[in-house]
Amino acid sequence: YWGLGRWMSRLWDTLLIAYLGTLFGAIGAFFLCFAATINLAVNPAQRFFARRFLEFCRTVPEIVFALIFVVAFGLGPVPGVLAIMIHTVGALGKLFAEVVENIDMKPVEGAIASGATRWQAIRYSVVPQVLPNFASYALLRFEINVRGASVMGFVGAGGIGQDLIEAIRKFYYSDVSAILLLIIATVMVIDLVTERIRHRLISLEHGR
């Protein structure tokens, strides 16, 4: 652990990449998921194109998006954030849409009947029903994205992966082991914290 200070700095960059990618991806998924549902899409064509876009976002691996953005924006954390964001939009968009399709439509119908616009009905009748599940899925995705961000450095997209791939190429196996242990410990801590938060959110939802 001779390079612990530098590795911790790189690890912090990795966490920030995962956090920003998850945050922006969750926001994008939130606005797209309503167009991808059977019960809230304006028409079948809108649902079809929204579904296909979400499939494209989550089908292409993050590392491929990272390679493209490294060419476009250069080395650094920005390509990693963008790659994780796009993949998160696709993954969370599908999960969010499935949650929305299982809501109770009576409050929505009542809001529309009283003169509310589509977005007003979503704001006051849909969001309160789905918000705990949305937050739970976003936390789960953050945990997954931390692991994904750890390898973004393999293609020059920032994070601790840059030091990891350098150690692998130079056959510094002690450094590889130390970096992997740091990543594993970090993911374990995040898993424990997010698991507690998710269970709290789920219990609040069931308590309603």
# chains A, B, ... in the order shown; residues from 1 in each chain; ligands from 1
call {"tool": "residues_around", "arguments": {"residues": "Val99 of chain A", "least_positions_apart": "3", "cutoff": "10 Å", "atoms": "only C-alpha atoms", "output": "list in words"}}
result
Cys33, Thr37, Gly93, Lys94, Leu95, Phe96, Asn102, Ile103, Gln129, Val130, Leu131, Asn133 and Phe134 of chain A
call {"tool": "write_last_selection", "arguments": {"atoms": "all heavy atoms", "output": "tab-separated table (two decimals), in the first residue's frame"}}
result
chain	number	residue	atom	x	y	z
A	33	CYS	N	-39.39	7.52	-18.59
A	33	CYS	CA	-40.12	6.30	-18.25
A	33	CYS	C	-41.63	6.43	-18.49
A	33	CYS	O	-42.29	5.46	-18.85
A	33	CYS	CB	-39.85	5.89	-16.80
A	33	CYS	SG	-40.62	6.95	-15.56
A	37	THR	N	-44.54	3.70	-20.95
A	37	THR	CA	-45.52	2.87	-20.25
A	37	THR	C	-46.80	2.72	-21.08
A	37	THR	O	-47.13	3.58	-21.90
A	37	THR	CB	-45.89	3.49	-18.89
A	37	THR	OG1	-46.41	4.81	-19.10
A	37	THR	CG2	-44.67	3.58	-18.00
A	93	GLY	N	-34.65	3.41	-16.72
A	93	GLY	CA	-35.88	3.73	-17.46
A	93	GLY	C	-36.80	2.54	-17.58
A	93	GLY	O	-38.03	2.67	-17.42
A	94	LYS	N	-36.24	1.38	-17.82
A	94	LYS	CA	-37.06	0.16	-17.91
A	94	LYS	C	-37.68	-0.17	-16.55
A	94	LYS	O	-38.87	-0.49	-16.46
A	94	LYS	CB	-36.21	-1.00	-18.40
A	94	LYS	CG	-36.97	-2.34	-18.42
A	94	LYS	CD	-36.09	-3.45	-18.91
A	94	LYS	CE	-36.76	-4.81	-18.76
A	94	LYS	NZ	-38.07	-4.89	-19.45
A	95	LEU	N	-36.87	-0.11	-15.49
A	95	LEU	CA	-37.38	-0.43	-14.16
A	95	LEU	C	-38.43	0.58	-13.71
A	95	LEU	O	-39.48	0.20	-13.16
A	95	LEU	CB	-36.22	-0.45	-13.16
A	95	LEU	CG	-35.18	-1.55	-13.36
A	95	LEU	CD1	-34.00	-1.34	-12.42
A	95	LEU	CD2	-35.79	-2.92	-13.15
A	96	PHE	N	-38.18	1.86	-13.96
A	96	PHE	CA	-39.15	2.89	-13.60
A	96	PHE	C	-40.46	2.69	-14.35
A	96	PHE	O	-41.55	2.84	-13.78
A	96	PHE	CB	-38.59	4.29	-13.90
A	96	PHE	CG	-37.52	4.74	-12.97
A	96	PHE	CD1	-36.90	5.97	-13.14
A	96	PHE	CD2	-37.08	3.95	-11.91
A	96	PHE	CE1	-35.90	6.41	-12.28
A	96	PHE	CE2	-36.08	4.37	-11.04
A	96	PHE	CZ	-35.49	5.61	-11.24
A	102	ASN	N	-47.64	-0.47	-12.88
A	102	ASN	CA	-48.33	-1.20	-11.83
A	102	ASN	C	-49.00	-0.29	-10.80
A	102	ASN	O	-49.43	-0.76	-9.75
A	102	ASN	CB	-47.35	-2.13	-11.11
A	102	ASN	CG	-46.92	-3.31	-11.98
A	102	ASN	OD1	-47.75	-4.02	-12.53
A	102	ASN	ND2	-45.63	-3.49	-12.12
A	103	ILE	N	-49.13	1.00	-11.10
A	103	ILE	CA	-49.75	1.92	-10.15
A	103	ILE	C	-51.26	1.80	-10.19
A	103	ILE	O	-51.84	1.23	-11.11
A	103	ILE	CB	-49.34	3.38	-10.43
A	103	ILE	CG1	-49.88	3.81	-11.81
A	103	ILE	CG2	-47.85	3.57	-10.35
A	103	ILE	CD1	-49.75	5.30	-12.07
A	129	GLN	N	-46.90	7.73	-5.64
A	129	GLN	CA	-47.01	6.27	-5.58
A	129	GLN	C	-45.70	5.57	-5.89
A	129	GLN	O	-45.42	4.49	-5.36
A	129	GLN	CB	-48.08	5.78	-6.57
A	129	GLN	CG	-49.49	6.25	-6.29
A	129	GLN	CD	-50.49	5.58	-7.23
A	129	GLN	OE1	-50.63	4.36	-7.24
A	129	GLN	NE2	-51.18	6.39	-8.02
A	130	VAL	N	-44.90	6.16	-6.76
A	130	VAL	CA	-43.72	5.46	-7.28
A	130	VAL	C	-42.40	5.94	-6.69
A	130	VAL	O	-41.38	5.28	-6.87
A	130	VAL	CB	-43.66	5.58	-8.82
A	130	VAL	CG1	-44.90	4.99	-9.46
A	130	VAL	CG2	-43.48	7.05	-9.24
A	131	LEU	N	-42.40	7.06	-5.99
A	131	LEU	CA	-41.14	7.66	-5.55
A	131	LEU	C	-40.28	6.75	-4.68
A	131	LEU	O	-39.07	6.64	-4.90
A	131	LEU	CB	-41.41	8.98	-4.83
A	131	LEU	CG	-40.20	9.90	-4.64
A	131	LEU	CD1	-39.54	10.23	-5.98
A	131	LEU	CD2	-40.60	11.17	-3.92
A	133	ASN	N	-40.06	3.47	-4.65
A	133	ASN	CA	-39.46	2.44	-5.51
A	133	ASN	C	-38.41	3.03	-6.45
A	133	ASN	O	-37.38	2.41	-6.72
A	133	ASN	CB	-40.54	1.73	-6.32
A	133	ASN	CG	-41.29	0.69	-5.51
A	133	ASN	OD1	-40.72	0.04	-4.64
A	133	ASN	ND2	-42.57	0.55	-5.76
A	134	PHE	N	-38.68	4.23	-6.95
A	134	PHE	CA	-37.70	4.90	-7.81
A	134	PHE	C	-36.39	5.11	-7.05
A	134	PHE	O	-35.30	4.85	-7.56
A	134	PHE	CB	-38.25	6.24	-8.29
A	134	PHE	CG	-39.16	6.15	-9.48
A	134	PHE	CD1	-39.75	4.95	-9.84
A	134	PHE	CD2	-39.45	7.27	-10.23
A	134	PHE	CE1	-40.60	4.86	-10.93
A	134	PHE	CE2	-40.29	7.20	-11.33
A	134	PHE	CZ	-40.87	6.00	-11.69
call {"tool": "residues_around", "arguments": {"residues": "Ala35 of chain A", "least_positions_apart": "5", "cutoff": "9 Å", "atoms": "only C-alpha atoms", "output": "list in words"}}
result
Leu40, Ala41, Val42, Asn43, Gln46, Arg47, Phe48, Phe49, Ala50, Arg51 and Ala97 of chain A
call {"tool": "residues_around", "arguments": {"residues": "Ser177 of chain A", "least_positions_apart": "3", "cutoff": "12 Å", "atoms": "only C-alpha atoms", "output": "PyMOL selection string"}}
result
chain A and resi 1+163-165+167-168+171-174+180-184
call {"tool": "write_last_selection", "arguments": {"atoms": "N, CA and C atoms", "output": "short mmCIF file (atom, residue, chain, number, x, y, z; two decimals), in the first residue's frame"}}
result
data_model
loop_
_atom_site.label_atom_id
_atom_site.label_comp_id
_atom_site.auth_asym_id
_atom_site.auth_seq_id
_atom_site.Cartn_x
_atom_site.Cartn_y
_atom_site.Cartn_z
N TYR A 1 0.83 -1.21 0.00
CA TYR A 1 0.00 0.00 0.00
C TYR A 1 0.86 1.26 0.00
N ASP A 163 -5.01 3.36 -12.62
CA ASP A 163 -3.89 2.78 -11.87
C ASP A 163 -3.92 1.26 -11.93
N LEU A 164 -5.13 0.70 -11.95
CA LEU A 164 -5.26 -0.76 -11.98
C LEU A 164 -4.73 -1.33 -13.29
N ILE A 165 -5.12 -0.75 -14.40
CA ILE A 165 -4.66 -1.28 -15.69
C ILE A 165 -3.17 -1.04 -15.88
N ALA A 167 -0.94 -1.08 -13.41
CA ALA A 167 -0.28 -2.11 -12.61
C ALA A 167 -0.35 -3.47 -13.28
N ILE A 168 -1.45 -3.76 -13.95
CA ILE A 168 -1.59 -5.04 -14.65
C ILE A 168 -0.60 -5.12 -15.80
N PHE A 171 2.85 -5.75 -14.60
CA PHE A 171 2.97 -6.97 -13.80
C PHE A 171 3.31 -6.68 -12.34
N TYR A 172 2.77 -5.56 -11.82
CA TYR A 172 2.94 -5.24 -10.40
C TYR A 172 1.79 -5.90 -9.63
N TYR A 173 1.95 -7.19 -9.39
CA TYR A 173 0.82 -7.94 -8.84
C TYR A 173 0.48 -7.53 -7.41
N SER A 174 1.44 -7.05 -6.65
CA SER A 174 1.13 -6.59 -5.30
C SER A 174 0.25 -5.34 -5.37
N LEU A 180 -7.41 -3.92 -5.94
CA LEU A 180 -8.63 -4.73 -5.96
C LEU A 180 -9.25 -4.83 -4.57
N LEU A 181 -8.43 -4.97 -3.55
CA LEU A 181 -8.95 -5.02 -2.18
C LEU A 181 -9.63 -3.70 -1.80
N LEU A 182 -9.06 -2.59 -2.24
CA LEU A 182 -9.68 -1.29 -1.98
C LEU A 182 -11.05 -1.19 -2.66
N ILE A 183 -11.11 -1.65 -3.91
CA ILE A 183 -12.37 -1.60 -4.65
C ILE A 183 -13.41 -2.50 -3.98
N ILE A 184 -13.00 -3.71 -3.61
CA ILE A 184 -13.93 -4.65 -2.97
C ILE A 184 -14.44 -4.10 -1.66
#
call {"tool": "residues_around", "arguments": {"residues": "Tyr124 of chain A", "least_positions_apart": "4", "cutoff": "9 Å", "atoms": "only C-alpha atoms", "output": "ChimeraX atom specification"}}
result
/A:107-108,111,119-120,128
call {"tool": "atom_distance", "arguments": {"atom1": "atom CA of Asp104 of chain A", "atom2": "atom CA of Phe142 of chain A"}}
result
27.9 Å
call {"tool": "closest_residue", "arguments": {"among": "A:Val193, A:Thr88, A:Pro132, A:Pro77", "to": "Leu15 of chain A", "atoms": "only C-alpha atoms"}}
result
A:Pro77
call {"tool": "residues_around", "arguments": {"residues": "Trp7 of chain A", "least_positions_apart": "2", "cutoff": "9 Å", "atoms": "only C-alpha atoms", "output": "ChimeraX atom specification"}}
result
/A:1,3-5,9-12,160,163,179,182
call {"tool": "write_last_selection", "arguments": {"atoms": "C-alpha atoms", "output": "PDB file, in the first residue's frame"}}
result
ATOM      1  CA  TYR A   1       0.000   0.000   0.000  1.00  0.00           C
ATOM      2  CA  GLY A   3       0.511   4.334  -3.136  1.00  0.00           C
ATOM      3  CA  LEU A   4      -2.471   4.458  -0.768  1.00  0.00           C
ATOM      4  CA  GLY A   5      -2.807   8.251  -0.903  1.00  0.00           C
ATOM      5  CA  SER A   9      -7.757   9.969  -4.520  1.00  0.00           C
ATOM      6  CA  ARG A  10      -8.446   7.886  -7.623  1.00  0.00           C
ATOM      7  CA  LEU A  11     -11.052   5.900  -5.707  1.00  0.00           C
ATOM      8  CA  TRP A  12     -12.785   9.135  -4.732  1.00  0.00           C
ATOM      9  CA  ILE A 160      -8.944   4.050 -10.071  1.00  0.00           C
ATOM     10  CA  ASP A 163      -3.891   2.783 -11.874  1.00  0.00           C
ATOM     11  CA  ILE A 179      -6.166  -1.855  -5.581  1.00  0.00           C
ATOM     12  CA  LEU A 182      -9.682  -1.287  -1.980  1.00  0.00           C
TER      13      LEU A 182
END
call {"tool": "select_by_dssp", "arguments": {"residues": "segment 70-177 of chain A", "states": "helix (DSSP H, G or I)", "output": "PyMOL selection string"}}
result
chain A and resi 70-73+77-101+106-113+118-149+152-155+161-169+173-177
call {"tool": "decode", "arguments": {"residues": "segment 171-196 of chain A", "atoms": "N, CA and C atoms", "output": "compact mmCIF listing (two decimals), in the first residue's frame"}}
result
# COMPACT_ATOMS: atom_id res chain seq x y z
N PHE A 171 2.85 -5.75 -14.60
CA PHE A 171 2.97 -6.97 -13.80
C PHE A 171 3.31 -6.68 -12.34
N TYR A 172 2.77 -5.56 -11.82
CA TYR A 172 2.94 -5.24 -10.40
C TYR A 172 1.79 -5.90 -9.63
N TYR A 173 1.95 -7.19 -9.39
CA TYR A 173 0.82 -7.94 -8.84
C TYR A 173 0.48 -7.53 -7.41
N SER A 174 1.44 -7.05 -6.65
CA SER A 174 1.13 -6.59 -5.30
C SER A 174 0.25 -5.34 -5.37
N ASP A 175 0.54 -4.45 -6.33
CA ASP A 175 -0.29 -3.26 -6.51
C ASP A 175 -1.69 -3.64 -6.99
N VAL A 176 -1.77 -4.60 -7.92
CA VAL A 176 -3.07 -5.06 -8.40
C VAL A 176 -3.91 -5.60 -7.25
N SER A 177 -3.30 -6.40 -6.40
CA SER A 177 -4.02 -6.97 -5.27
C SER A 177 -4.49 -5.88 -4.31
N ALA A 178 -3.63 -4.90 -4.04
CA ALA A 178 -4.00 -3.82 -3.12
C ALA A 178 -5.15 -2.99 -3.68
N ILE A 179 -5.10 -2.66 -4.97
CA ILE A 179 -6.17 -1.86 -5.58
C ILE A 179 -7.48 -2.64 -5.61
N LEU A 180 -7.41 -3.92 -5.94
CA LEU A 180 -8.63 -4.73 -5.96
C LEU A 180 -9.25 -4.83 -4.57
N LEU A 181 -8.43 -4.97 -3.55
CA LEU A 181 -8.95 -5.02 -2.18
C LEU A 181 -9.63 -3.70 -1.80
N LEU A 182 -9.06 -2.59 -2.24
CA LEU A 182 -9.68 -1.29 -1.98
C LEU A 182 -11.05 -1.19 -2.66
N ILE A 183 -11.11 -1.65 -3.91
CA ILE A 183 -12.37 -1.60 -4.65
C ILE A 183 -13.41 -2.50 -3.98
N ILE A 184 -13.00 -3.71 -3.61
CA ILE A 184 -13.93 -4.65 -2.97
C ILE A 184 -14.44 -4.10 -1.66
N ALA A 185 -13.54 -3.53 -0.85
CA ALA A 185 -13.96 -2.96 0.44
C ALA A 185 -14.92 -1.81 0.24
N THR A 186 -14.65 -0.97 -0.76
CA THR A 186 -15.54 0.17 -1.03
C THR A 186 -16.92 -0.29 -1.46
N VAL A 187 -16.97 -1.27 -2.36
CA VAL A 187 -18.26 -1.78 -2.84
C VAL A 187 -19.03 -2.44 -1.69
N MET A 188 -18.33 -3.13 -0.81
CA MET A 188 -19.00 -3.76 0.33
C MET A 188 -19.63 -2.72 1.25
N VAL A 189 -18.89 -1.64 1.53
CA VAL A 189 -19.43 -0.58 2.39
C VAL A 189 -20.65 0.07 1.74
N ILE A 190 -20.54 0.39 0.45
CA ILE A 190 -21.66 1.01 -0.26
C ILE A 190 -22.85 0.07 -0.30
N ASP A 191 -22.61 -1.23 -0.49
CA ASP A 191 -23.68 -2.21 -0.51
C ASP A 191 -24.42 -2.24 0.82
N LEU A 192 -23.69 -2.21 1.92
CA LEU A 192 -24.32 -2.24 3.25
C LEU A 192 -25.13 -0.98 3.50
N VAL A 193 -24.58 0.18 3.12
CA VAL A 193 -25.28 1.45 3.37
C VAL A 193 -26.53 1.55 2.51
N THR A 194 -26.39 1.27 1.20
CA THR A 194 -27.55 1.40 0.32
C THR A 194 -28.61 0.35 0.63
N GLU A 195 -28.18 -0.83 1.09
CA GLU A 195 -29.16 -1.85 1.45
C GLU A 195 -30.04 -1.39 2.61
N ARG A 196 -29.44 -0.75 3.59
CA ARG A 196 -30.21 -0.22 4.72
C ARG A 196 -31.19 0.85 4.26
